[in-house]
Every structure is written in structure tokens, then in C-alpha cells.
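Have a look at protein_24.cif; it's mmCIF, C-alpha atoms:
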data_structure
#
loop_
_atom_site.label_atom_id
_atom_site.label_comp_id
_atom_site.auth_asym_id
_atom_site.auth_seq_id
_atom_site.Cartn_x
_atom_site.Cartn_y
_atom_site.Cartn_z
CA MET A 132 5.71 -54.15 -44.94
CA ASN A 133 9.06 -55.77 -45.87
CA ASN A 134 10.44 -58.30 -43.34
CA PHE A 135 7.15 -58.09 -41.50
CA ASN A 136 5.09 -61.12 -40.53
CA PRO A 137 1.81 -59.46 -39.65
CA SER A 138 -1.11 -60.74 -37.66
CA ILE A 139 -4.68 -60.15 -38.83
CA LYS A 140 -5.03 -57.35 -36.30
CA SER A 141 -1.81 -55.61 -37.30
CA LEU A 142 -2.79 -55.84 -40.97
CA CYS A 143 -6.19 -54.32 -40.23
CA ASP A 144 -4.51 -51.55 -38.26
CA TYR A 145 -1.99 -50.94 -41.04
CA LEU A 146 -4.75 -50.79 -43.68
CA ARG A 147 -6.88 -48.64 -41.37
CA ILE A 148 -9.80 -51.04 -41.40
CA PRO A 149 -10.27 -51.67 -37.67
CA MET A 150 -13.94 -52.56 -38.02
CA VAL A 151 -13.03 -55.58 -40.16
CA TYR A 152 -10.98 -56.96 -37.29
CA THR A 153 -13.73 -56.16 -34.76
CA VAL A 154 -16.29 -58.15 -36.74
CA PHE A 155 -13.74 -60.91 -37.44
CA SER A 156 -13.09 -61.28 -33.71
CA GLU A 157 -16.81 -61.52 -33.01
CA GLN A 158 -17.19 -64.20 -35.66
CA GLU A 159 -14.27 -66.21 -34.29
CA GLY A 160 -16.28 -66.90 -31.17
CA ARG A 161 -19.21 -68.32 -33.09
CA ASN A 162 -17.39 -70.43 -35.65
CA ASN A 163 -18.80 -73.68 -34.28
CA ILE A 164 -22.39 -72.58 -34.67
CA ASP A 165 -22.11 -70.28 -37.67
CA GLU A 166 -23.12 -72.00 -40.90
CA SER A 167 -22.48 -69.00 -43.14
CA THR A 168 -19.93 -69.31 -45.94
CA PHE A 169 -16.57 -67.56 -45.97
CA ALA A 170 -17.87 -65.13 -48.59
CA GLU A 171 -20.86 -64.24 -46.43
CA ARG A 172 -18.65 -63.64 -43.39
CA LEU A 173 -16.21 -61.56 -45.44
CA LEU A 174 -19.09 -59.51 -46.84
CA GLU A 175 -20.36 -58.84 -43.32
CA GLN A 176 -16.92 -57.64 -42.26
CA LEU A 177 -16.53 -55.40 -45.28
CA ARG A 178 -20.01 -53.93 -44.82
CA ALA A 179 -19.21 -53.11 -41.21
CA GLN A 180 -15.99 -51.40 -42.28
CA ALA A 181 -17.82 -49.46 -45.02
CA ASP A 182 -20.45 -48.31 -42.51
CA SER A 183 -17.74 -47.20 -40.12
CA ALA A 184 -15.89 -45.30 -42.86
CA HIS A 185 -19.15 -43.64 -43.98
CA GLU A 186 -20.00 -42.53 -40.45
CA SER A 187 -16.52 -41.08 -39.97
CA LYS A 188 -16.65 -39.21 -43.27
CA VAL A 189 -20.11 -37.80 -42.60
CA ALA A 190 -18.98 -36.62 -39.17
CA ARG A 191 -16.05 -34.76 -40.77
CA LEU A 192 -18.30 -33.24 -43.44
CA GLN A 193 -20.86 -32.16 -40.83
CA LYS A 194 -18.20 -30.41 -38.79
CA ALA A 195 -16.84 -28.59 -41.84
CA ALA A 196 -20.33 -27.56 -43.06
CA LYS A 197 -20.97 -25.37 -39.99
CA LEU A 198 -24.74 -25.51 -40.46
CA ARG A 199 -26.62 -22.98 -38.39
CA TRP A 200 -28.92 -25.78 -37.21
CA PRO A 201 -26.67 -28.87 -37.35
CA HIS A 202 -29.31 -31.17 -35.89
CA ALA A 203 -32.11 -30.17 -38.29
CA VAL A 204 -33.72 -33.15 -40.00
CA LEU A 205 -36.58 -33.46 -42.45
CA SER A 206 -38.53 -35.66 -40.05
CA ASP A 207 -39.03 -32.56 -37.86
CA ILE A 208 -40.81 -30.87 -40.75
CA GLN A 209 -42.71 -33.97 -41.82
CA SER A 210 -44.21 -34.24 -38.34
CA SER A 211 -45.34 -30.60 -38.26
CA ASP A 212 -48.88 -29.44 -38.98
CA LYS A 213 -49.58 -28.79 -42.66
CA PRO A 214 -46.15 -27.82 -44.02
CA PRO A 215 -46.48 -25.40 -46.98
CA VAL A 216 -44.67 -27.85 -49.30
CA ARG A 217 -45.87 -31.41 -49.89
CA ILE A 218 -44.03 -34.05 -47.88
CA SER A 219 -43.61 -36.08 -51.06
CA LYS A 220 -41.71 -33.16 -52.61
CA LEU A 221 -39.38 -32.92 -49.62
CA LYS A 222 -38.73 -36.66 -49.73
CA GLU A 223 -37.91 -36.35 -53.42
CA LEU A 224 -35.41 -33.57 -52.69
CA ALA A 225 -33.87 -35.73 -49.95
CA GLN A 226 -32.72 -38.14 -52.68
CA CYS A 227 -30.32 -35.36 -53.81
CA GLN A 228 -30.75 -35.91 -57.54
CA TRP A 229 -30.94 -32.12 -57.84
CA ILE A 230 -27.29 -32.01 -56.73
CA GLU A 231 -26.28 -34.51 -59.40
CA ASP A 232 -28.07 -32.32 -61.94
CA PHE A 233 -26.31 -29.16 -60.65
CA ARG A 234 -29.63 -27.55 -59.79
CA HIS A 235 -30.42 -25.17 -56.94
CA ILE A 236 -33.10 -24.79 -54.26
CA ILE A 237 -34.61 -21.41 -53.43
CA ILE A 238 -36.64 -21.25 -50.21
CA SER A 239 -38.60 -18.01 -49.87
CA GLY A 240 -41.00 -16.92 -47.17
CA PRO A 241 -41.54 -14.54 -44.26
CA THR A 242 -39.10 -14.16 -41.40
CA GLY A 243 -39.38 -16.78 -38.68
CA ALA A 244 -41.19 -19.29 -40.89
CA GLY A 245 -38.45 -21.90 -40.61
CA LYS A 246 -36.66 -21.41 -43.94
CA THR A 247 -33.21 -21.84 -42.40
CA HIS A 248 -34.30 -24.99 -40.56
CA LEU A 249 -35.56 -26.50 -43.81
CA ALA A 250 -32.39 -25.46 -45.65
CA CYS A 251 -30.21 -27.06 -42.97
CA ALA A 252 -32.32 -30.23 -43.04
CA LEU A 253 -31.81 -30.48 -46.81
CA GLY A 254 -28.12 -29.78 -46.29
CA GLN A 255 -28.04 -32.59 -43.74
CA GLU A 256 -29.51 -34.99 -46.31
CA ALA A 257 -26.73 -34.00 -48.71
CA LEU A 258 -24.10 -34.58 -46.02
CA LEU A 259 -25.50 -38.04 -45.29
CA GLN A 260 -24.90 -38.86 -48.95
CA GLU A 261 -21.31 -37.59 -48.59
CA TYR A 262 -21.68 -34.34 -50.54
CA THR A 263 -19.69 -31.39 -49.23
CA VAL A 264 -21.83 -28.58 -47.84
CA GLN A 265 -20.92 -25.12 -46.56
CA TYR A 266 -23.27 -22.76 -44.69
CA TYR A 267 -22.90 -19.00 -45.05
CA HIS A 268 -25.05 -16.16 -43.79
CA TYR A 269 -25.39 -13.78 -46.74
CA PRO A 270 -23.80 -10.72 -45.05
CA VAL A 271 -20.91 -12.86 -43.78
CA LEU A 272 -20.29 -14.27 -47.26
CA ILE A 273 -20.13 -10.75 -48.72
CA ARG A 274 -17.86 -9.63 -45.87
CA ASP A 275 -15.47 -12.55 -46.30
CA LEU A 276 -15.20 -11.94 -50.05
CA LYS A 277 -14.36 -8.26 -49.39
CA ILE A 278 -11.81 -9.12 -46.71
CA ALA A 279 -10.13 -11.64 -49.02
CA GLU A 280 -9.96 -9.11 -51.86
CA LYS A 281 -8.48 -6.46 -49.59
CA ALA A 282 -5.90 -8.89 -48.17
CA GLY A 283 -4.30 -9.47 -51.55
CA ASP A 284 -1.67 -12.22 -51.86
CA ASP A 285 -4.14 -14.34 -53.83
CA SER A 286 -6.45 -14.53 -50.79
CA LEU A 287 -9.55 -13.92 -52.90
CA GLU A 288 -8.54 -16.57 -55.40
CA LYS A 289 -7.95 -19.07 -52.58
CA LEU A 290 -11.38 -18.37 -51.09
CA ARG A 291 -13.02 -18.70 -54.50
CA ARG A 292 -11.27 -22.00 -55.14
CA LYS A 293 -12.34 -23.27 -51.73
CA LEU A 294 -15.98 -22.33 -52.28
CA SER A 295 -15.97 -23.60 -55.86
CA LYS A 296 -15.13 -27.10 -54.61
CA VAL A 297 -18.12 -27.22 -52.25
CA ARG A 298 -20.94 -29.16 -53.92
CA VAL A 299 -23.70 -27.40 -51.99
CA LEU A 300 -23.25 -23.80 -50.87
CA LEU A 301 -26.05 -22.82 -48.48
CA ILE A 302 -26.59 -19.03 -48.49
CA ASP A 303 -28.97 -17.90 -45.77
CA ASP A 304 -30.94 -14.61 -45.92
CA TRP A 305 -30.05 -13.78 -49.54
CA GLY A 306 -30.74 -10.14 -50.38
CA ILE A 307 -31.05 -9.00 -46.78
CA GLN A 308 -28.77 -6.03 -47.49
CA PRO A 309 -28.20 -3.87 -50.60
CA LEU A 310 -24.95 -4.34 -52.48
CA ASN A 311 -22.48 -1.68 -53.54
CA PRO A 312 -20.58 -2.03 -56.87
CA GLN A 313 -17.67 -3.92 -55.27
CA GLU A 314 -19.96 -6.35 -53.44
CA ARG A 315 -22.19 -7.19 -56.39
CA HIS A 316 -19.12 -7.79 -58.57
CA LEU A 317 -17.65 -10.18 -55.97
CA LEU A 318 -20.94 -12.04 -55.65
CA PHE A 319 -21.34 -12.33 -59.41
CA GLU A 320 -17.81 -13.71 -59.81
CA LEU A 321 -18.46 -16.37 -57.15
CA ILE A 322 -21.73 -17.46 -58.77
CA GLU A 323 -20.01 -17.49 -62.18
CA ILE A 324 -17.19 -19.75 -60.94
CA ARG A 325 -19.68 -22.25 -59.49
CA ASP A 326 -22.05 -22.15 -62.49
CA GLN A 327 -22.96 -25.58 -63.89
CA SER A 328 -20.54 -27.36 -61.55
CA SER A 329 -22.23 -27.20 -58.14
CA SER A 330 -25.46 -26.36 -56.36
CA LEU A 331 -26.91 -23.70 -54.10
CA ILE A 332 -29.50 -23.70 -51.35
CA ILE A 333 -30.73 -20.13 -50.93
CA THR A 334 -33.13 -18.82 -48.31
CA SER A 335 -34.66 -15.38 -48.69
CA GLN A 336 -37.47 -13.25 -47.35
CA TYR A 337 -37.96 -12.07 -50.91
CA ALA A 338 -39.09 -13.79 -54.08
CA PRO A 339 -36.44 -13.98 -56.82
CA SER A 340 -38.30 -11.31 -58.79
CA ASP A 341 -37.58 -8.88 -55.94
CA TRP A 342 -33.83 -9.62 -55.74
CA TYR A 343 -33.02 -6.94 -58.32
CA ASP A 344 -33.52 -4.18 -55.74
CA ALA A 345 -30.72 -5.54 -53.54
CA PHE A 346 -28.28 -5.60 -56.46
CA GLY A 347 -28.84 -1.98 -57.39
CA ASP A 348 -27.72 -2.72 -60.96
CA ARG A 349 -30.08 -4.40 -63.40
CA THR A 350 -27.32 -5.69 -65.70
CA VAL A 351 -25.29 -7.39 -62.96
CA ALA A 352 -28.50 -8.72 -61.41
CA ASP A 353 -29.55 -10.25 -64.74
CA SER A 354 -26.14 -11.86 -65.22
CA THR A 355 -26.11 -13.29 -61.69
CA LEU A 356 -29.70 -14.48 -61.47
CA ASP A 357 -29.59 -15.99 -64.96
CA ARG A 358 -27.09 -18.49 -63.52
CA ILE A 359 -29.39 -19.40 -60.62
CA VAL A 360 -33.13 -18.97 -61.18
CA PRO A 361 -33.63 -21.02 -64.41
CA TYR A 362 -32.01 -24.03 -62.72
CA ALA A 363 -33.69 -23.60 -59.34
CA ILE A 364 -36.42 -25.53 -57.56
CA ALA A 365 -38.54 -22.89 -55.84
CA LEU A 366 -40.12 -23.65 -52.46
CA ASN A 367 -42.61 -21.10 -51.16
CA TRP A 368 -42.29 -21.58 -47.40
CA ASP A 369 -45.08 -19.20 -46.43
CA CYS A 370 -46.27 -20.34 -43.03
CA GLU A 371 -46.77 -19.05 -39.52
CA SER A 372 -43.65 -17.78 -37.76
CA TYR A 373 -42.15 -20.43 -35.52
CA ARG A 374 -41.09 -17.69 -33.10
CA ASP A 375 -44.65 -16.34 -32.85
CA LYS A 376 -46.01 -19.83 -32.27
CA ARG A 377 -43.36 -20.57 -29.63
CA GLY A 378 -44.00 -17.21 -27.97
CA ARG A 379 -47.69 -18.00 -27.58
CA GLN A 380 -46.85 -21.40 -26.13
CA LEU A 381 -44.55 -19.85 -23.54
CA SER A 382 -47.11 -17.14 -22.73
CA GLY A 383 -49.73 -19.78 -22.16
CA LYS A 384 -47.46 -21.58 -19.72
CA GLY A 385 -46.25 -18.66 -17.66
CA GLY A 386 -48.08 -15.49 -18.62
CA GLY A 387 -51.01 -15.70 -16.22
CA LYS A 388 -49.62 -13.23 -13.66
CA ASN A 389 -49.82 -10.34 -16.12
CA ASP A 390 -53.28 -11.08 -17.49
#
Could you render the structure from this file as C-alpha cells?
Amino acid sequence: MNNFNPSIKSLCDYLRIPMVYTVFSEQEGRNNIDESTFAERLLEQLRAQADSAHESKVARLQKAAKLRWPHAVLSDIQSSDKPPVRISKLKELAQCQWIEDFRHIIISGPTGAGKTHLACALGQEALLQEYTVQYYHYPVLIRDLKIAEKAGDDSLEKLRRKLSKVRVLLIDDWGIQPLNPQERHLLFELIEIRDQSSSLIITSQYAPSDWYDAFGDRTVADSTLDRIVPYAIALNWDCESYRDKRGRQLSGKGGGKND
């Protein structure tokens, strides 16, 4: 900035606060009728810049999260008929205090019930509050850990560091496949690294008491689940399959020819 006589616009550009200049320009045109104080006008400009920065950051976080249902929102669930969990409970979770407390959410229920949609909606609430979120389908997470270990050259350590920095790791379809000794060790190490420093959202067709079968080793299962279940908020999402409901709706619209 030496030997530089900047204008307000160039300063805003240099400081990367373009919204401040946008609001300033708008206010310039109403100076004669605007009775607000300088502090009030400055506050308006700064609020506009803060909103712009927040929206940009959330957009970046949403892109990086790679949610399976990136447009899922809790209002979709709140407007549905008789959700299996109280709306007041979902609104409480939307405040994200559970993330501050390094707790987890376990959503269990039958296939097609909408567990992933709910998980993504809760992930979206976390993103809106500027927490980092990462979606992983359970088999893909196990695969990526194995690939990183096989690659060598500190690839596994790099992946672990990356995932350890994510505040909310969303693991979809937990326990959908049995684990061999290598896989359960890799999963345990990941959970251990994140223990007491981050949160999980887990969806599963099985209740936590049934997860032992997928591990195939009671000792490793105990060590892993002891770092999750005692700190988890359990949501039993046992409701009618969305796919079955949608199938009936489509049949009612166009199935008459085969009746």
C-alpha cells in the first residue's frame, strides 16, 4: 500500500470487502434523506459484508461436504406426516450444541425410511453454522482407508489427518458389510483419532447392539463402540419406506392399464 492513494472502492477491493462498498454506494444516493448516524450506516455496511462472507464460506463448505442429498432440509421432515421423532427434538439438534459437546447422532431404522435424508438435513444445519462436514458411504470409507494404507508414502496418515479435522463426519449405512481384521483395525484407528475432538452422524439399518456382528471381533467392537455409543443421541427412525410410499403414488397415477 506504500505510495498508494486509494479510493474507497480500491480499498474495499484490496481488503476483499466488496459488499461494504456496494452498501456504501447505495447509501451515498440517499444521504439527503437518511437520518441515520454514521455508526448506524457503518454497522449496516459491516453486516452486509459479514452476511456475504458467511454465504461464501457456507457455499464452499457445502461443496466440500459432498452430501448425498445436498438440498435436504429439516423443514421437509417437519412438514411430513407424523415423523417418528418429535419436531421439537429435531429443532433442538438443529442448534448444533451436540457438536460443541463432541457428541454423536445415531439414526437407525429400516431401509428406505429416510435416514440418509435426515442425516443430510442435520449435516446441512451444521454447515449453515460453518462447521465442516464430510459425507461418506460406509463401504466407500472402508475402501478409501484400505487404498490409503496400501499406497504407502504416508497416504493413510494424510487421510486420517484430513478426516480428523472434519468436525462432523457423516457415515451412511454403518455396518452394511462385515469387516475383516484389516478393515476393523482401520475403522477403529479412525474413530480413536477423532475421539473427544469431533462428532459423527451415523445411519444404520441396525441398532447399535447389533453392530458387533459386523465387526466379527468382540474386543475391537467394544473398543470402537465405547468411543461412540455412550456419547450418542439415538434417533429411532422407524417409519414407512419413502420408496414404497412413492411407488404407490406413481402406481395410482399411471398403473390403471395393468389393473
(message) Using only C-alpha atoms for the distances, tell me which of A:Thr263, A:Gln327, A:Ser187, A:Gln308 is nearest to Asp344 of chain A.
(response)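 Of all the options, A:Gln308 lies closest to Asp344 of chain A.
Atom pair atom CA of Tyr152 of chain A / atom CA of Arg191 of chain A: separated by 23.0 Å.
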(request) Select, from A:Lys213, A:Lys296, A:Glu288, A:Ile237, the residue with the minimum atom-to-atom distance to Pro339 of chain A, counting all atoms listed in the file. (result) A:Ile237
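Restricting the calculation to all atoms listed in the file, the smallest distance between Lys197 of chain A and any of A:Gly254, A:Ala345, A:Ser335, A:Glu323 is found for A:Gly254.
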(message) From the options A:Asp303, A:Asp144, A:Glu171, A:Glu314, which residue's atoms come nearest to Lys277 of chain A, counting all atoms listed in the file?
(response) A:Glu314
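When all atoms listed in the file are used to compute distances to Pro241 of chain A, the closest of the residues A:Tyr337, A:Phe155, A:Tyr362, A:Tyr343 turns out to be A:Tyr337.
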(message) For a quick check of understanding, using only C-alpha atoms, which of A:Asp182, A:Asp369, A:Glu256, A:Asp357 has the smallest distance to Val204 of chain A?
(response)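 When distances to Val204 of chain A are compared using only C-alpha atoms, the smallest one comes from A:Glu256.
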(request) Evaluate the PyMOL selection byres ((chain A and resi 324) around 12) here and jot the selected residues down as a PyMOL selection string. (result) chain A and resi 288+290-297+317-323+325-330+355+358
(request) On this file, the PyMOL selection byres ((chain A and resi 243-251) around 8) gives some set of residues; write that set as a PyMOL selection string. (result) chain A and resi 198-201+203-205+208+238-242+252-255+301+303+332-335+368-375
Just the residues within 6 Å of Leu300 of chain A, please, counting only C-alpha atoms, with nothing from its chain fewer than 5 positions along; format it as a CSV table (one decimal) with C-alpha atoms, keeping the file's coordinate frame.
chain,number,residue,atom,x,y,z
A,264,VAL,CA,-21.8,-28.6,-47.8
A,265,GLN,CA,-20.9,-25.1,-46.6
A,331,LEU,CA,-26.9,-23.7,-54.1
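The list of residues with at least one atom within 12 Å of Leu177 of chain A, based on only C-alpha atoms and without residues fewer than 6 positions apart in the same chain, reads Cys143, Ile148, Pro149, Met150, Val151, Tyr152, Thr153, Val154, Phe155, Ala170, Glu171, Ser183 and Ala184 of chain A.
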(request) For atom CA of Gly283 of chain A and atom CA of Thr350 of chain A, quote the distance in Å rounded to one decimal. (result)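 A separation of 27.3 Å between them.
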(request) Would you mind reading off the distance between atom CA of Val299 of chain A and atom CA of Asp232 of chain A, one decimal, in Å? (result)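 Atom-to-atom, atom CA of Val299 of chain A and atom CA of Asp232 of chain A are spaced 11.9 Å apart.
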My structure is short of atoms at segment 328-339 of chain A; please model all heavy atoms there, returning them as a PDB file, in the coordinates of the input.
ATOM      1  N   SER A 328     -21.462 -26.378 -62.135  1.00  0.00           N
ATOM      2  CA  SER A 328     -20.540 -27.360 -61.550  1.00  0.00           C
ATOM      3  C   SER A 328     -20.868 -27.665 -60.100  1.00  0.00           C
ATOM      4  O   SER A 328     -20.180 -28.480 -59.478  1.00  0.00           O
ATOM      5  CB  SER A 328     -19.098 -26.857 -61.653  1.00  0.00           C
ATOM      6  OG  SER A 328     -18.923 -25.676 -60.884  1.00  0.00           O
ATOM      7  N   SER A 329     -21.892 -27.026 -59.553  1.00  0.00           N
ATOM      8  CA  SER A 329     -22.230 -27.200 -58.140  1.00  0.00           C
ATOM      9  C   SER A 329     -23.645 -26.675 -57.911  1.00  0.00           C
ATOM     10  O   SER A 329     -24.311 -26.223 -58.846  1.00  0.00           O
ATOM     11  CB  SER A 329     -21.224 -26.464 -57.257  1.00  0.00           C
ATOM     12  OG  SER A 329     -21.064 -25.131 -57.699  1.00  0.00           O
ATOM     13  N   SER A 330     -24.084 -26.736 -56.677  1.00  0.00           N
ATOM     14  CA  SER A 330     -25.460 -26.360 -56.360  1.00  0.00           C
ATOM     15  C   SER A 330     -25.527 -25.356 -55.220  1.00  0.00           C
ATOM     16  O   SER A 330     -24.587 -25.237 -54.428  1.00  0.00           O
ATOM     17  CB  SER A 330     -26.284 -27.604 -55.990  1.00  0.00           C
ATOM     18  OG  SER A 330     -26.337 -28.516 -57.061  1.00  0.00           O
ATOM     19  N   LEU A 331     -26.645 -24.669 -55.150  1.00  0.00           N
ATOM     20  CA  LEU A 331     -26.910 -23.700 -54.100  1.00  0.00           C
ATOM     21  C   LEU A 331     -28.207 -24.054 -53.386  1.00  0.00           C
ATOM     22  O   LEU A 331     -29.155 -24.564 -53.995  1.00  0.00           O
ATOM     23  CB  LEU A 331     -27.063 -22.283 -54.677  1.00  0.00           C
ATOM     24  CG  LEU A 331     -25.875 -21.664 -55.417  1.00  0.00           C
ATOM     25  CD1 LEU A 331     -26.351 -20.424 -56.178  1.00  0.00           C
ATOM     26  CD2 LEU A 331     -24.774 -21.290 -54.437  1.00  0.00           C
ATOM     27  N   ILE A 332     -28.241 -23.788 -52.089  1.00  0.00           N
ATOM     28  CA  ILE A 332     -29.500 -23.700 -51.350  1.00  0.00           C
ATOM     29  C   ILE A 332     -29.567 -22.258 -50.866  1.00  0.00           C
ATOM     30  O   ILE A 332     -28.674 -21.799 -50.155  1.00  0.00           O
ATOM     31  CB  ILE A 332     -29.565 -24.657 -50.153  1.00  0.00           C
ATOM     32  CG1 ILE A 332     -29.454 -26.116 -50.607  1.00  0.00           C
ATOM     33  CG2 ILE A 332     -30.875 -24.455 -49.390  1.00  0.00           C
ATOM     34  CD1 ILE A 332     -29.457 -27.115 -49.443  1.00  0.00           C
ATOM     35  N   ILE A 333     -30.593 -21.541 -51.282  1.00  0.00           N
ATOM     36  CA  ILE A 333     -30.730 -20.130 -50.930  1.00  0.00           C
ATOM     37  C   ILE A 333     -32.016 -19.930 -50.147  1.00  0.00           C
ATOM     38  O   ILE A 333     -33.084 -20.408 -50.554  1.00  0.00           O
ATOM     39  CB  ILE A 333     -30.761 -19.250 -52.197  1.00  0.00           C
ATOM     40  CG1 ILE A 333     -29.402 -19.287 -52.904  1.00  0.00           C
ATOM     41  CG2 ILE A 333     -31.147 -17.810 -51.868  1.00  0.00           C
ATOM     42  CD1 ILE A 333     -29.381 -18.548 -54.228  1.00  0.00           C
ATOM     43  N   THR A 334     -31.926 -19.243 -49.016  1.00  0.00           N
ATOM     44  CA  THR A 334     -33.130 -18.820 -48.310  1.00  0.00           C
ATOM     45  C   THR A 334     -33.241 -17.304 -48.432  1.00  0.00           C
ATOM     46  O   THR A 334     -32.227 -16.601 -48.446  1.00  0.00           O
ATOM     47  CB  THR A 334     -33.116 -19.188 -46.815  1.00  0.00           C
ATOM     48  OG1 THR A 334     -32.227 -18.307 -46.107  1.00  0.00           O
ATOM     49  CG2 THR A 334     -32.657 -20.631 -46.615  1.00  0.00           C
ATOM     50  N   SER A 335     -34.461 -16.819 -48.546  1.00  0.00           N
ATOM     51  CA  SER A 335     -34.660 -15.380 -48.690  1.00  0.00           C
ATOM     52  C   SER A 335     -36.059 -14.990 -48.250  1.00  0.00           C
ATOM     53  O   SER A 335     -37.013 -15.740 -48.432  1.00  0.00           O
ATOM     54  CB  SER A 335     -34.448 -14.948 -50.144  1.00  0.00           C
ATOM     55  OG  SER A 335     -34.617 -13.543 -50.290  1.00  0.00           O
ATOM     56  N   GLN A 336     -36.162 -13.802 -47.684  1.00  0.00           N
ATOM     57  CA  GLN A 336     -37.470 -13.250 -47.350  1.00  0.00           C
ATOM     58  C   GLN A 336     -38.181 -12.742 -48.600  1.00  0.00           C
ATOM     59  O   GLN A 336     -39.367 -12.440 -48.559  1.00  0.00           O
ATOM     60  CB  GLN A 336     -37.326 -12.097 -46.353  1.00  0.00           C
ATOM     61  CG  GLN A 336     -36.754 -12.502 -45.005  1.00  0.00           C
ATOM     62  CD  GLN A 336     -36.605 -11.318 -44.075  1.00  0.00           C
ATOM     63  OE1 GLN A 336     -37.403 -10.382 -44.106  1.00  0.00           O
ATOM     64  NE2 GLN A 336     -35.561 -11.334 -43.251  1.00  0.00           N
ATOM     65  N   TYR A 337     -37.427 -12.646 -49.681  1.00  0.00           N
ATOM     66  CA  TYR A 337     -37.960 -12.070 -50.910  1.00  0.00           C
ATOM     67  C   TYR A 337     -38.013 -13.102 -52.024  1.00  0.00           C
ATOM     68  O   TYR A 337     -37.148 -13.968 -52.132  1.00  0.00           O
ATOM     69  CB  TYR A 337     -37.075 -10.890 -51.355  1.00  0.00           C
ATOM     70  CG  TYR A 337     -36.751  -9.927 -50.246  1.00  0.00           C
ATOM     71  CD1 TYR A 337     -35.520  -9.990 -49.591  1.00  0.00           C
ATOM     72  CD2 TYR A 337     -37.673  -8.978 -49.823  1.00  0.00           C
ATOM     73  CE1 TYR A 337     -35.215  -9.122 -48.552  1.00  0.00           C
ATOM     74  CE2 TYR A 337     -37.380  -8.110 -48.784  1.00  0.00           C
ATOM     75  CZ  TYR A 337     -36.152  -8.187 -48.145  1.00  0.00           C
ATOM     76  OH  TYR A 337     -35.859  -7.338 -47.117  1.00  0.00           O
ATOM     77  N   ALA A 338     -39.012 -12.955 -52.891  1.00  0.00           N
ATOM     78  CA  ALA A 338     -39.090 -13.790 -54.080  1.00  0.00           C
ATOM     79  C   ALA A 338     -37.987 -13.389 -55.047  1.00  0.00           C
ATOM     80  O   ALA A 338     -37.532 -12.239 -55.031  1.00  0.00           O
ATOM     81  CB  ALA A 338     -40.462 -13.636 -54.736  1.00  0.00           C
ATOM     82  N   PRO A 339     -37.515 -14.314 -55.879  1.00  0.00           N
ATOM     83  CA  PRO A 339     -36.440 -13.980 -56.820  1.00  0.00           C
ATOM     84  C   PRO A 339     -36.715 -12.739 -57.658  1.00  0.00           C
ATOM     85  O   PRO A 339     -35.782 -12.000 -57.996  1.00  0.00           O
ATOM     86  CB  PRO A 339     -36.335 -15.237 -57.686  1.00  0.00           C
ATOM     87  CG  PRO A 339     -36.744 -16.339 -56.763  1.00  0.00           C
ATOM     88  CD  PRO A 339     -37.842 -15.747 -55.927  1.00  0.00           C
TER      89      PRO A 339
END
